[in-house]
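The structure under discussion appears below in the form of structure tokens.
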Number of protein chains: 2
Amino acid sequence: MQCKYSPAEENYLKTIFHLQQAEDGVSTGNLSAALHTRPASVTDMLKKLKEKKLVTYTPYKKFRLTQKGKNIALHIIRRHRLWEYFLAETLHFSWDEVHDLAEELEHVSSDKLIDKLDAFLSFPRFDPHGDPIPDQHGNLKERPQIMLADVGPDTPVHVVAVASRDLQLLELLQHVGIGIGTTIEVKKKFDFDGTMEVKVNHKKIIQLSDHSVKSIFVKID
Amino acid sequence: MQCKYSPAEENYLKTIFHLQQAEDGVSTGNLSAALHTRPASVTDMLKKLKEKKLVTYTPYKKFRLTQKGKNIALHIIRRHRLWEYFLAETLHFSWDEVHDLAEELEHVSSDKLIDKLDAFLSFPRFDPHGDPIPDQHGNLKERPQIMLADVGPDTPVHVVAVASRDLQLLELLQHVGIGIGTTIEVKKKFDFDGTMEVKVNHKKIIQLSDHSVKSIFVKID
DNA sequence: AAATATTTTTAGGTTTGTCTAAATTTATTT
DNA sequence: AAATAAATTTAGACAAACCTAAAAATATTT
């Protein structure tokens with residue numbers, strides 16, 4: 001169960017996994033955009049991944065990961081998120097620096113290394129973005145969270161995830177003092193444009209755009 | 001001062017550095033053997049490294065690193081040894097597992113990551129093999145150690161380094177309970193073949209071959 | 001110093017992962 | 001439904017890093 005895939009293959013698998021979470025099939029164009037790689041190159045790789053039975057692919061059609069591909073993707077995601085946790089928690093990197101470094105570290109593939117790292121970190125269940133970390137077998141807890149946009153007024157909730165890893169968003173949230181675990185109460189919702197006024201950590205009052213409140217996932221306390 | 005070199009280039013630089021420590025010039029054959037790469041491939045890479053002014057190279061002659069090349073090599077060695085220290089000290093990997101993993105991790109090149117790792121580890125000065133870890137500027141402390149082979153009888157010394165990373169040697173040493181920091185007293189030296197009988201950690205008496213005692217470096221207590 | 005052996009380089013080829021440009025297929029308009 | 005537009009695939013190239021086999025240079029032996 002410990003085959004070796006190239007960093008390029010691993011990136012394809014991981015990215016297909018993320019894309020097919022949202023839509024129910026991934027297109028060459030989607031993937032090409034997500035990877036910053038030309039469609040022709042994506043087609044090439046798709047043929048290779050199909051050969052290795054990691055992806056279901058028929059030319060011109062949408063495609064998905066096979067069970068095998070999904071499994072490998074989950075292992076890569078596990079590596080990525082454990083490194084993110086390590087970087088943030090142990091080395092005190094800030095929230096928004098963590099992703100790019102983990103992108104490199106995730107390709108160092110030694111199960112033993114990852115399991116020892118997991119143990120050292122005391123088996124964290126969520127990464128610094130609030131995303132769940134798959135276990136050794138690739139099992140992933142679903143997150144029972146709702147969008148901040150859907151929260152009613154004066155209900156205390158805490159942040160458990162952020163949908164996008166967009167650097168601008170992370171920067172904005174860091175700036176206004178929102179992170180994983182932050183407590184939020186919605187104070188007002190402006191139907192005009194979806195802007196919300198919220199209280200952060202029982203103190204500061206701030207305004208968040210429609211786009212932001214749809215990217216922040218919370219749990220009711 | 002933060003250019004990007006490929007893992008292959010980094011491995012060449014690092015290996016040339018190590019080889020030119022021993023001999024005063026490195027040959028294509030030497031390097032080819034050390035890298036497990038054919039001489040023709042080495043010639044190719046040497047031309048590329050010369051182009052980038054990392055190595056002094058004239059066809060058919062021995063070569064060395066330029067100052068620039070040496071500097072980069074030291075930075076790679078810093079990364080390698082810090083990761084080794086982390087793996088052994090923080091994740092509790094055993095002595096002989098550490099090298100191969102560090103070989104992969106060392107190519108994740110972010111100065112910030114390495115400096116934060118350094119700080120987290122409290123700025124260790126020696127890796128688990130006893131080799132010195134270069135600082136941020138690539139400065140390396142020389143090790144003031146002597147071979148166990150040269151130690152007189154009943155002089156307590158402690159192990160500070162092992163010359164080779166040969167897996168067999170590391171395995172042997174681990175087996176007989178010798179590691180960095182282990183206290184040793186020489187009890188007998190057999191001139192016949194250089195074998196030594198030594199007391200390990202004030203307890204166990206063991207025999208070490210000529211080859212072993214020339215590969216173990218110690219400091220007198 | 002000539003002959004042989006060794007080392008190193010050159011020449012040409014392979015694989016991986018990318019690219020551009022052209023051809024083809026699917027989707028959208030009119 | 002035919003025409004146009006958009007997405008996808010094929011074809012042919014390229015760079016990096018390796019390879020093998022042959023040629024050239026250096027070393028060693030006789």
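Every chain in the structure tokens takes a letter, A first, then B, and so on in the order presented; its residues are numbered from 1, and the ligands are numbered from 1 following the presented order.
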
Report as a Markdown table the residues of chain D within 8 Å of chain A, each with its shortest atom pair and distance in Å (one decimal), using only C-alpha atoms (C1' of nucleotides), ordered by chain and increasing residue number.
```
| residue | atom | partner | partner_atom | distance |
| --- | --- | --- | --- | --- |
| D:DA7 | C1' | A:Gly29 | CA | 7.4 |
| D:DT8 | C1' | A:Tyr60 | CA | 5.9 |
| D:DT9 | C1' | A:Ala40 | CA | 7.2 |
```

Output file for the residues above (C-alpha atoms (C1' of nucleotides), as a CSV table (one decimal), in the first residue's frame):
```
chain,number,residue,atom,x,y,z
D,7,DA,C1',-13.3,23.2,-24.8
D,8,DT,C1',-10.4,19.2,-25.5
D,9,DT,C1',-7.2,16.3,-27.7
```

> chain A residues within 8 Å of chain B, counting only C-alpha atoms: which ones, as an MDAnalysis selection string?
Replying inline: chainID A and resid 90:91 101 104:105 108 110 116:117 120

Export, as a short mmCIF file (atom, residue, chain, number, x, y, z; two decimals), in the first residue's frame, the selected residues with C-alpha atoms.
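Below is the file that was written, part-v3.cif:
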```cif
data_model
loop_
_atom_site.label_atom_id
_atom_site.label_comp_id
_atom_site.auth_asym_id
_atom_site.auth_seq_id
_atom_site.Cartn_x
_atom_site.Cartn_y
_atom_site.Cartn_z
CA THR A 90 5.22 24.03 16.71
CA LEU A 91 7.18 26.52 14.64
CA LEU A 101 5.45 25.36 2.82
CA GLU A 104 6.52 21.21 -0.47
CA LEU A 105 6.75 19.10 2.65
CA VAL A 108 8.27 13.78 1.45
CA SER A 110 7.42 8.23 4.48
CA LYS A 116 5.60 9.94 14.15
CA LEU A 117 4.80 13.56 13.35
CA PHE A 120 4.36 14.21 18.31
#
```

> Contacts of DT4 of chain D at 12 Å or less, counting only C-alpha atoms (C1' of nucleotides), minus same-chain residues fewer than 6 places along, as a ChimeraX atom specification?
Replying inline: /C:27-30

> Taking only C-alpha atoms (C1' of nucleotides) into account, which residues of chain C are within 12 Å of chain B, as a VMD selection string?
Replying inline: chain C and resid 6 to 11

Selection file, C-alpha atoms (C1' of nucleotides), as a tab-separated table (two decimals), in the first residue's frame:
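Just written: out-v7.tsv:
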```
chain	number	residue	atom	x	y	z
C	6	DT	C1'	41.95	3.76	-17.40
C	7	DT	C1'	39.38	7.82	-17.10
C	8	DT	C1'	36.68	11.29	-19.11
C	9	DT	C1'	34.13	13.34	-22.64
C	10	DT	C1'	31.12	13.46	-26.73
C	11	DA	C1'	27.15	11.95	-29.30
```

>> Env of segment 122-135 of chain B: 6 Å cut, atoms = only C-alpha atoms (C1' of nucleotides), seq-sep filter 2 positions within chain, self excluded. Answer as a PyMOL selection string.
In response: chain B and resi 78+81+85+118-120+137-140+160-162

> By how many Å are atom CA of Thr182 of chain B and atom CA of Val98 of chain B apart?
Replying inline: 18.4 Å

> Residues at most 6 Å from segment 186-201 of chain A, counting only C-alpha atoms (C1' of nucleotides), excluding those fewer than 5 positions away in the same chain, as a PyMOL selection string?
Replying inline: chain A and resi 153-154+206-210

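DSSP secondary structure from the backbone places Val55, Thr56, Arg64 and Leu65 of chain B of segment 49-125 of chain B in strand (DSSP E).
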
>> List the spatial neighbours of segment 12-19 of chain D as a ChimeraX atom specification - criterion: any atom at most 12 Å away, only C-alpha atoms (C1' of nucleotides), same-chain residues fewer than 3 positions off excluded.
In response: /B:6-9,36-45,48 /C:12-22

> How would you write, as number ranges by chain, the set of residues in segment 6-210 of chain B that DSSP gives as alpha helix (DSSP H)?
Replying inline: B: 7-22, 28-35, 39-51, 67-85, 98-105, 111-120, 167-176, 210

Writing out the chosen residues with C-alpha atoms as a compact mmCIF listing (two decimals), in the first residue's frame:
```txt
# COMPACT_ATOMS: atom_id res chain seq x y z
CA PRO B 7 17.47 18.85 -5.87
CA ALA B 8 19.92 17.30 -8.34
CA GLU B 9 22.15 20.37 -8.31
CA GLU B 10 21.97 20.53 -4.54
CA ASN B 11 23.04 16.93 -4.25
CA TYR B 12 26.01 17.53 -6.52
CA LEU B 13 27.12 20.57 -4.53
CA LYS B 14 26.77 18.84 -1.21
CA THR B 15 28.61 15.75 -2.39
CA ILE B 16 31.45 17.71 -3.99
CA PHE B 17 31.79 19.60 -0.71
CA HIS B 18 32.16 16.40 1.27
CA LEU B 19 34.58 14.85 -1.21
CA GLN B 20 36.84 17.89 -1.41
CA GLN B 21 37.16 17.89 2.39
CA ALA B 22 39.14 14.66 2.14
CA THR B 28 34.49 12.83 -12.27
CA GLY B 29 34.95 9.22 -11.19
CA ASN B 30 34.91 10.02 -7.47
CA LEU B 31 31.76 12.04 -7.77
CA SER B 32 30.12 9.51 -10.05
CA ALA B 33 30.70 6.77 -7.48
CA ALA B 34 29.50 8.89 -4.57
CA LEU B 35 26.29 9.83 -6.36
CA PRO B 39 30.41 9.52 -15.27
CA ALA B 40 28.83 10.86 -18.44
CA SER B 41 25.94 12.31 -16.45
CA VAL B 42 28.37 13.88 -14.02
CA THR B 43 30.21 15.59 -16.88
CA ASP B 44 26.89 17.05 -18.10
CA MET B 45 26.03 18.45 -14.70
CA LEU B 46 29.55 19.77 -14.15
CA LYS B 47 29.20 21.89 -17.26
CA LYS B 48 25.95 23.28 -15.93
CA LEU B 49 27.44 24.03 -12.52
CA LYS B 50 30.42 25.71 -14.14
CA GLU B 51 28.04 27.87 -16.17
CA GLN B 67 33.35 30.21 -2.90
CA LYS B 68 29.76 30.63 -4.04
CA GLY B 69 29.33 26.89 -4.46
CA LYS B 70 30.86 26.18 -1.08
CA ASN B 71 28.49 28.63 0.53
CA ILE B 72 25.45 27.01 -0.98
CA ALA B 73 26.72 23.56 -0.02
CA LEU B 74 27.05 24.69 3.59
CA HIS B 75 23.48 25.90 3.59
CA ILE B 76 22.28 22.56 2.28
CA ILE B 77 24.33 20.77 4.92
CA ARG B 78 22.78 23.02 7.54
CA ARG B 79 19.32 22.01 6.39
CA HIS B 80 20.26 18.36 6.33
CA ARG B 81 21.73 18.31 9.81
CA LEU B 82 18.97 20.32 11.40
CA TRP B 83 16.40 17.93 9.99
CA GLU B 84 18.46 15.00 11.26
CA TYR B 85 18.51 16.55 14.69
CA VAL B 98 17.63 9.73 10.20
CA HIS B 99 19.96 10.22 7.26
CA ASP B 100 17.75 9.05 4.38
CA LEU B 101 14.76 11.08 5.53
CA ALA B 102 16.87 14.20 5.97
CA GLU B 103 18.11 13.63 2.44
CA GLU B 104 14.58 14.38 1.24
CA LEU B 105 13.69 17.11 3.69
CA ASP B 111 15.36 30.05 4.97
CA LYS B 112 12.56 31.06 7.28
CA LEU B 113 11.53 27.45 7.83
CA ILE B 114 15.08 26.38 8.61
CA ASP B 115 15.70 29.29 10.96
CA LYS B 116 12.45 28.62 12.83
CA LEU B 117 13.32 24.96 13.05
CA ASP B 118 16.74 25.92 14.38
CA ALA B 119 15.14 28.10 17.05
CA PHE B 120 12.60 25.43 18.00
CA LEU B 167 24.42 1.86 7.51
CA GLN B 168 26.24 -1.28 8.56
CA LEU B 169 28.45 0.68 10.93
CA LEU B 170 25.56 2.59 12.44
CA GLU B 171 23.72 -0.67 12.92
CA LEU B 172 26.70 -2.27 14.61
CA LEU B 173 27.19 0.67 16.95
CA GLN B 174 23.55 0.81 17.82
CA HIS B 175 23.65 -2.91 18.53
CA VAL B 176 26.52 -2.64 21.00
CA ASP B 210 40.28 -1.66 13.72
```

> Quick one: distance from atom CA of Val55 of chain A to atom C1' of DT24 of chain C in Å, one decimal?
Replying inline: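 Computed distance, atom CA of Val55 of chain A to atom C1' of DT24 of chain C, equals 23.3 Å.
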
> What gap, in Å, lies between atom CA of Met147 of chain A and atom CA of Glu185 of chain A?
Replying inline: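 Separation between atom CA of Met147 of chain A and atom CA of Glu185 of chain A: 12.9 Å.
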